[in-house]
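Chemist: Following this line is protein22.cif, made up of mmCIF, C-alpha atoms:
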```
data_start
#
loop_
_atom_site.label_atom_id
_atom_site.label_comp_id
_atom_site.auth_asym_id
_atom_site.auth_seq_id
_atom_site.Cartn_x
_atom_site.Cartn_y
_atom_site.Cartn_z
CA MET A 1 0.00 0.00 0.00
CA ILE A 2 2.80 2.42 0.89
CA PHE A 3 4.61 1.66 -2.35
CA ALA A 4 1.40 2.20 -4.36
CA ILE A 5 0.87 5.62 -2.77
CA ASN A 6 4.52 6.48 -3.37
CA ARG A 7 4.19 5.54 -7.04
CA LEU A 8 1.02 7.62 -7.48
CA TYR A 9 2.71 10.59 -5.81
CA ARG A 10 5.64 10.33 -8.22
CA ILE A 11 3.34 10.11 -11.23
CA LEU A 12 1.43 13.22 -10.17
CA PHE A 13 4.20 15.44 -8.80
CA CYS A 14 7.65 14.18 -9.80
CA ARG A 15 8.00 14.96 -13.49
CA GLY A 16 10.42 17.10 -15.46
CA GLY A 17 13.24 17.04 -12.93
CA HIS A 18 11.31 19.16 -10.42
CA GLY A 19 13.51 19.95 -7.42
CA VAL A 20 16.63 18.31 -8.89
CA HIS A 21 19.66 20.62 -8.67
CA SER A 22 22.28 18.31 -10.18
CA PRO A 23 22.84 19.20 -13.88
CA PHE A 24 23.90 15.59 -14.52
CA VAL A 25 20.73 14.08 -13.02
CA PHE A 26 18.46 16.77 -14.50
CA ASP A 27 19.85 15.96 -17.95
CA LEU A 28 19.19 12.25 -17.40
CA ILE A 29 15.61 12.89 -16.32
CA THR A 30 14.68 15.22 -19.15
CA ASN A 31 16.70 13.69 -22.00
CA VAL A 32 16.77 9.97 -21.14
CA ILE A 33 14.25 8.89 -18.50
CA GLU A 34 11.33 11.02 -19.71
CA GLU A 35 12.42 11.25 -23.35
CA LYS A 36 9.49 10.55 -25.72
CA ARG A 37 11.18 10.52 -29.12
CA LEU A 38 10.36 7.55 -31.36
CA TYR A 39 13.82 6.22 -32.20
CA TYR A 40 14.59 4.45 -35.44
CA CYS A 41 15.05 1.03 -33.81
CA TYR A 42 11.77 0.93 -31.87
CA GLU A 43 9.67 -0.36 -34.75
CA ARG A 44 12.15 -3.12 -35.64
CA LEU A 45 12.55 -4.29 -32.05
CA ASN A 46 8.83 -4.12 -31.36
CA ALA A 47 8.36 -6.51 -34.28
CA VAL A 48 10.67 -8.95 -32.46
CA ARG A 49 8.65 -8.54 -29.27
CA LEU A 50 5.39 -9.23 -31.14
CA GLN A 51 6.85 -12.47 -32.52
CA LEU A 52 7.67 -13.59 -28.99
CA LEU A 53 4.23 -12.57 -27.72
CA GLN A 54 2.66 -14.78 -30.38
CA ASP A 55 4.94 -17.71 -29.57
CA ASN A 56 3.08 -20.44 -27.68
CA ARG A 57 5.98 -22.85 -27.44
CA GLU A 58 6.17 -24.26 -23.93
CA ILE A 59 9.52 -24.26 -22.20
CA THR A 60 10.65 -25.75 -18.92
CA PHE A 61 12.75 -23.99 -16.34
CA GLY A 62 13.26 -25.43 -12.88
CA ASN A 63 10.08 -27.39 -12.17
CA ARG A 64 7.75 -25.05 -14.03
CA LYS A 65 6.38 -24.95 -17.55
CA LEU A 66 5.14 -21.81 -19.27
CA THR A 67 4.74 -20.58 -22.80
CA ILE A 68 7.17 -17.98 -24.10
CA ARG A 69 4.28 -15.53 -24.40
CA LYS A 70 3.30 -15.89 -20.75
CA MET A 71 6.87 -15.64 -19.50
CA LEU A 72 7.43 -12.48 -21.52
CA ASN A 73 4.27 -10.91 -20.10
CA ARG A 74 4.88 -11.94 -16.49
CA ASN A 75 8.61 -11.89 -15.90
CA CYS A 76 10.48 -9.79 -18.44
CA PHE A 77 11.10 -6.10 -18.92
CA THR A 78 8.13 -4.21 -20.36
CA GLU A 79 8.40 -2.51 -23.73
CA ARG A 80 8.71 0.86 -21.96
CA GLU A 81 11.54 -0.45 -19.79
CA HIS A 82 13.34 -1.92 -22.78
CA ARG A 83 13.10 1.41 -24.58
CA PHE A 84 14.58 3.09 -21.51
CA LEU A 85 17.50 0.65 -21.60
CA PHE A 86 18.08 1.59 -25.23
CA ARG A 87 18.02 5.32 -24.43
CA LEU A 88 20.43 4.80 -21.54
CA ALA A 89 22.85 2.91 -23.77
CA ASN A 90 22.43 5.52 -26.49
CA ARG A 91 23.23 8.29 -23.99
CA PHE A 92 26.42 6.75 -22.56
CA GLN A 93 27.60 4.81 -25.63
CA PRO A 94 29.09 1.84 -23.74
CA LYS A 95 31.62 -0.25 -25.61
CA THR A 96 31.15 -3.27 -23.38
CA ILE A 97 27.78 -4.36 -21.95
CA TYR A 98 26.97 -7.15 -19.50
CA VAL A 99 23.38 -8.24 -18.92
CA ALA A 100 22.12 -10.86 -16.48
CA GLY A 101 18.98 -12.35 -18.02
CA SER A 102 18.29 -12.41 -21.75
CA ASP A 103 14.51 -11.88 -21.92
CA PHE A 104 14.64 -14.29 -24.88
CA GLY A 105 17.15 -12.01 -26.60
CA LEU A 106 15.28 -8.73 -26.18
CA ASN A 107 17.65 -7.37 -23.52
CA PRO A 108 20.84 -7.51 -25.61
CA LEU A 109 19.00 -6.49 -28.79
CA TYR A 110 17.73 -3.28 -27.18
CA LEU A 111 21.01 -2.55 -25.39
CA THR A 112 23.13 -2.85 -28.54
CA ALA A 113 20.72 -1.21 -30.98
CA TYR A 114 22.50 2.17 -30.73
CA SER A 115 25.68 0.95 -32.47
CA LYS A 116 27.03 -2.00 -34.44
CA LYS A 117 30.35 -1.47 -32.65
CA SER A 118 28.96 -2.33 -29.21
CA SER A 119 29.68 -5.67 -27.58
CA CYS A 120 27.35 -7.49 -25.17
CA THR A 121 27.80 -10.54 -22.94
CA VAL A 122 24.59 -12.15 -21.67
CA PHE A 123 24.46 -14.33 -18.57
CA GLU A 124 21.54 -16.72 -19.12
CA PRO A 125 21.69 -19.79 -16.85
CA GLU A 126 18.45 -21.30 -18.13
CA LEU A 127 19.31 -23.29 -21.25
CA SER A 128 15.75 -23.39 -22.60
CA VAL A 129 15.58 -19.59 -22.49
CA ALA A 130 19.10 -19.29 -23.93
CA ASP A 131 18.10 -21.43 -26.92
CA ILE A 132 15.27 -19.04 -27.79
CA ALA A 133 17.56 -16.05 -27.21
CA HIS A 134 20.13 -17.53 -29.63
CA GLU A 135 17.43 -17.94 -32.22
CA PHE A 136 16.37 -14.29 -32.16
CA ILE A 137 19.86 -12.86 -31.67
CA ASN A 138 21.17 -14.77 -34.70
CA LYS A 139 18.31 -13.36 -36.75
CA TYR A 140 18.18 -9.74 -35.58
CA ALA A 141 21.43 -8.71 -33.87
CA LEU A 142 23.45 -5.90 -35.45
CA ALA A 143 26.27 -5.98 -32.87
CA SER A 144 28.36 -8.67 -31.21
CA ILE A 145 26.32 -10.59 -28.60
CA ASP A 146 27.55 -13.65 -26.70
CA ILE A 147 25.45 -15.79 -24.35
CA CYS A 148 27.04 -17.69 -21.45
CA ASN A 149 25.52 -19.80 -18.68
CA ARG A 150 28.01 -18.90 -15.94
CA MET A 151 28.34 -15.60 -14.13
CA ALA A 152 32.09 -16.22 -14.07
CA ASP A 153 32.25 -15.32 -17.77
CA ILE A 154 32.35 -11.57 -17.10
CA PRO A 155 34.38 -9.21 -19.31
CA ASP A 156 37.32 -7.53 -17.58
CA HIS A 157 35.96 -4.01 -18.14
CA ILE A 158 32.23 -3.28 -18.32
CA ASP A 159 30.68 0.09 -19.17
CA LEU A 160 27.01 -0.85 -18.72
CA ILE A 161 25.61 -3.63 -16.50
CA VAL A 162 21.93 -4.63 -16.42
CA TRP A 163 20.38 -7.04 -13.90
CA GLY A 164 17.19 -8.42 -15.40
CA ASN A 165 14.22 -10.06 -13.74
CA SER A 166 14.66 -13.06 -11.50
CA PHE A 167 12.76 -15.87 -13.20
CA THR A 168 15.97 -17.57 -14.37
CA GLY A 169 18.04 -16.94 -11.26
CA THR A 170 19.67 -13.72 -12.44
CA SER A 171 18.28 -11.34 -9.81
CA PHE A 172 20.73 -9.02 -8.11
CA SER A 173 22.25 -9.61 -4.68
CA MET A 174 25.01 -8.02 -2.63
CA GLN A 175 27.22 -11.00 -3.40
CA ALA A 176 26.72 -10.55 -7.14
CA PHE A 177 27.17 -6.77 -6.83
CA ASP A 178 30.46 -7.15 -4.95
CA ARG A 179 31.62 -9.74 -7.48
CA ILE A 180 31.08 -7.47 -10.45
CA LEU A 181 32.55 -4.34 -8.83
CA THR A 182 36.03 -5.52 -9.83
CA ASN A 183 34.96 -5.15 -13.48
CA VAL A 184 33.54 -1.61 -13.41
CA ASN A 185 35.20 1.77 -13.87
CA ASP A 186 34.43 5.37 -12.95
CA GLU A 187 32.23 5.78 -16.04
CA SER A 188 30.26 2.54 -15.59
CA VAL A 189 26.48 2.51 -15.22
CA MET A 190 24.53 -0.28 -13.50
CA VAL A 191 20.78 -0.97 -13.77
CA PHE A 192 18.73 -3.17 -11.43
CA SER A 193 15.26 -4.56 -12.08
CA GLY A 194 12.64 -5.12 -9.39
CA ILE A 195 14.11 -2.99 -6.61
CA ASN A 196 10.67 -2.89 -4.96
CA ALA A 197 9.59 -6.41 -5.96
CA SER A 198 10.22 -7.81 -2.47
CA PRO A 199 11.48 -6.68 0.96
CA GLU A 200 14.72 -8.55 0.23
CA ASN A 201 15.23 -6.71 -3.05
CA ARG A 202 14.53 -3.38 -1.36
CA LYS A 203 17.03 -4.13 1.40
CA THR A 204 19.67 -5.06 -1.16
CA TRP A 205 18.97 -1.93 -3.21
CA ASP A 206 19.27 0.32 -0.14
CA ALA A 207 22.60 -1.34 0.74
CA ILE A 208 23.88 -0.78 -2.81
CA CYS A 209 22.94 2.91 -2.65
CA GLN A 210 25.02 3.22 0.55
CA HIS A 211 28.02 1.37 -0.88
CA SER A 212 31.27 3.33 -0.76
CA GLU A 213 31.87 2.88 -4.51
CA VAL A 214 28.47 4.27 -5.51
CA THR A 215 28.06 8.02 -5.96
CA VAL A 216 24.72 8.81 -7.64
CA SER A 217 21.78 6.40 -7.47
CA LEU A 218 18.38 6.83 -9.11
CA ASP A 219 15.29 5.10 -7.72
CA LEU A 220 12.85 4.85 -10.64
CA TYR A 221 10.44 2.80 -8.54
CA ASN A 222 10.65 -0.41 -10.60
CA LEU A 223 14.23 0.12 -11.74
CA GLY A 224 17.33 1.37 -9.98
CA VAL A 225 20.34 2.97 -11.67
CA VAL A 226 23.73 3.64 -10.05
CA PHE A 227 26.84 5.52 -11.11
CA PHE A 228 30.41 5.26 -9.86
CA ASN A 229 31.92 8.54 -11.08
CA PRO A 230 33.76 10.12 -8.11
CA LYS A 231 33.26 13.57 -9.64
CA LEU A 232 29.52 13.35 -8.98
CA HIS A 233 28.02 14.52 -5.69
CA ARG A 234 26.95 11.48 -3.66
CA LYS A 235 23.15 11.30 -3.42
CA THR A 236 20.18 8.98 -3.92
CA TYR A 237 17.37 10.50 -5.98
CA LYS A 238 14.04 8.88 -5.10
CA ASN A 239 11.29 11.08 -6.48
CA ILE A 240 11.70 10.02 -10.10
CA ILE A 241 9.54 7.83 -12.31
CA PHE A 242 9.37 7.22 -16.05
#
```
Just dump the structure as structure tokens.

Modeler:
Amino acid sequence: MIFAINRLYRILFCRGGHGVHSPFVFDLITNVIEEKRLYYCYERLNAVRLQLLQDNREITFGNRKLTIRKMLNRNCFTEREHRFLFRLANRFQPKTIYVAGSDFGLNPLYLTAYSKKSSCTVFEPELSVADIAHEFINKYALASIDICNRMADIPDHIDLIVWGNSFTGTSFSMQAFDRILTNVNDESVMVFSGINASPENRKTWDAICQHSEVTVSLDLYNLGVVFFNPKLHRKTYKNIIF
């Protein structure tokens, strides 16, 4: 109930960077988070999403069986969230991207759509999901995308890290966060999904915001974004929503 009221308050009163004094964060809010432009890749990637939404193949993960369509609707990033990931990548132009969770290939396709020169490593431990991701990546990828089933296969230097939803065991944790910190740099950006999905996720997100390596953190209600640039004034911005 508290979270629902908080979300409604943000929708009604927290638009356009109101009350934000950081030029860096204000620019992100107005030109990335709330940006409404219809980019060239949206139509192409939405066509991929529609194919997945019409796919009734049943896959097994753990002890559950669901169709691809149902999994995409229930457990993956929404179209709006995927478009935000594209805009974020387009804004910071990362050379190396690491994403935990493939969303059947949609995550890396959106994250690399800004440039053919980008490179993305996808951690997808669920083989049935990885097979579908391979299928769509091979058909639609413009950049270099590799899928691995071990978190240990992390590039040495990562510019953009995205933690997807947890249905294949890729949800974020302090252990995973600490593990990947050795691979980030001052310019790295990290995105977390489902920061309010559970009390455990919220506790982990709050701990990440307080971490000594984190400077600016953005609480977008469903998503969290953190930066490590020591030149930025340390602060957590909560009254933001997209």

Chemist: To test your reading of the syntax: which residues would the PyMOL selection byres ((chain A and resi 143) around 7) return for the file shown? Reply as number ranges by chain.

Modeler: A: 112, 115-119, 141-142, 144-145

Chemist: To one decimal place, how far is CA of Phe24 in chain A from CA of Tyr221 in chain A in Å?

Modeler: 19.5 Å

Chemist: For CA of Pro108 in chain A and CA of Leu85 in chain A, determine how far apart the two atoms are, in Å to one decimal place.

Modeler: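 So the two atoms, CA of Pro108 in chain A and CA of Leu85 in chain A, lie 9.7 Å apart.
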
Chemist: Which value, in Å to one decimal, gives the distance between CA of Leu127 in chain A and CA of Asp153 in chain A?

Modeler: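 CA of Asp153 in chain A lies at a distance of 15.6 Å from CA of Leu127 in chain A.
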
Chemist: For range 56-69 of chain A, work out the shell of residues within 9 Å, counting only C-alpha atoms and skipping chain neighbours fewer than 2 positions away, then give it as a ChimeraX atom specification.

Modeler: /A:52-54,71-74,104,126-129,132,167-168

Chemist: Under the rule that only C-alpha atoms are counted, which of A:Asn75, A:Gln51, A:Thr215, A:Asn185 is the nearest residue to Ser102 in chain A?

Modeler: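 So, comparing all the options, the nearest one is A:Asn75.
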
Chemist: Translate the PyMOL selection byres ((chain A and resi 180) around 10) into a concrete residue list for this structure, as a list in words.

Modeler: Tyr98, Met151, Ala152, Ile154, Pro155, Asp156, His157, Ile158, Ile161, Met174, Gln175, Ala176, Phe177, Asp178, Arg179, Leu181, Thr182, Asn183 and Val184 of chain A

Chemist: Give me a file of those residues, with C-alpha atoms, as a short mmCIF file (atom, residue, chain, number, x, y, z; two decimals), in the coordinates of the input.

Modeler:
```
data_model
loop_
_atom_site.label_atom_id
_atom_site.label_comp_id
_atom_site.auth_asym_id
_atom_site.auth_seq_id
_atom_site.Cartn_x
_atom_site.Cartn_y
_atom_site.Cartn_z
CA TYR A 98 26.97 -7.15 -19.50
CA MET A 151 28.34 -15.60 -14.13
CA ALA A 152 32.09 -16.22 -14.07
CA ILE A 154 32.35 -11.57 -17.10
CA PRO A 155 34.38 -9.21 -19.31
CA ASP A 156 37.32 -7.53 -17.58
CA HIS A 157 35.96 -4.01 -18.14
CA ILE A 158 32.23 -3.28 -18.32
CA ILE A 161 25.61 -3.63 -16.50
CA MET A 174 25.01 -8.02 -2.63
CA GLN A 175 27.22 -11.00 -3.40
CA ALA A 176 26.72 -10.55 -7.14
CA PHE A 177 27.17 -6.77 -6.83
CA ASP A 178 30.46 -7.15 -4.95
CA ARG A 179 31.62 -9.74 -7.48
CA LEU A 181 32.55 -4.34 -8.83
CA THR A 182 36.03 -5.52 -9.83
CA ASN A 183 34.96 -5.15 -13.48
CA VAL A 184 33.54 -1.61 -13.41
#
```

Chemist: Translate the PyMOL selection byres ((chain A and resi 230-235) around 6) into a concrete residue list for this structure, as a list in words.

Modeler: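 What the PyMOL selection byres ((chain A and resi 230-235) around 6) grabs from the file is Thr215, Val216, Asn229 and Thr236 of chain A.
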
Chemist: Can you spit out the residues from that selection as a tab-separated table (two decimals), in the frame of the given file, using C-alpha atoms?

Modeler:
```tsv
chain	number	residue	atom	x	y	z
A	215	THR	CA	28.06	8.02	-5.96
A	216	VAL	CA	24.72	8.81	-7.64
A	229	ASN	CA	31.92	8.54	-11.08
A	236	THR	CA	20.18	8.98	-3.92
```

Chemist: Have a look at A:Phe86, A:Cys120, A:Val25, A:Leu50 and name the one nearest to Ser217 in chain A; count only C-alpha atoms.

Modeler: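 Nearest to Ser217 in chain A: A:Val25.
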
Chemist: With distances taken over only C-alpha atoms, which residue among A:Trp163, A:Phe77, A:Phe172, A:Phe123 lies nearest Cys148 in chain A?

Modeler: A:Phe123

Chemist: For Asn90 in chain A, find every residue with an atom within 12 Å (counting only C-alpha atoms), except residues of its own chain fewer than 2 positions away, and show them as a VMD selection string.

Modeler: chain A and resid 28 31 to 33 35 39 to 41 83 to 88 92 to 95 110 to 116 118 160
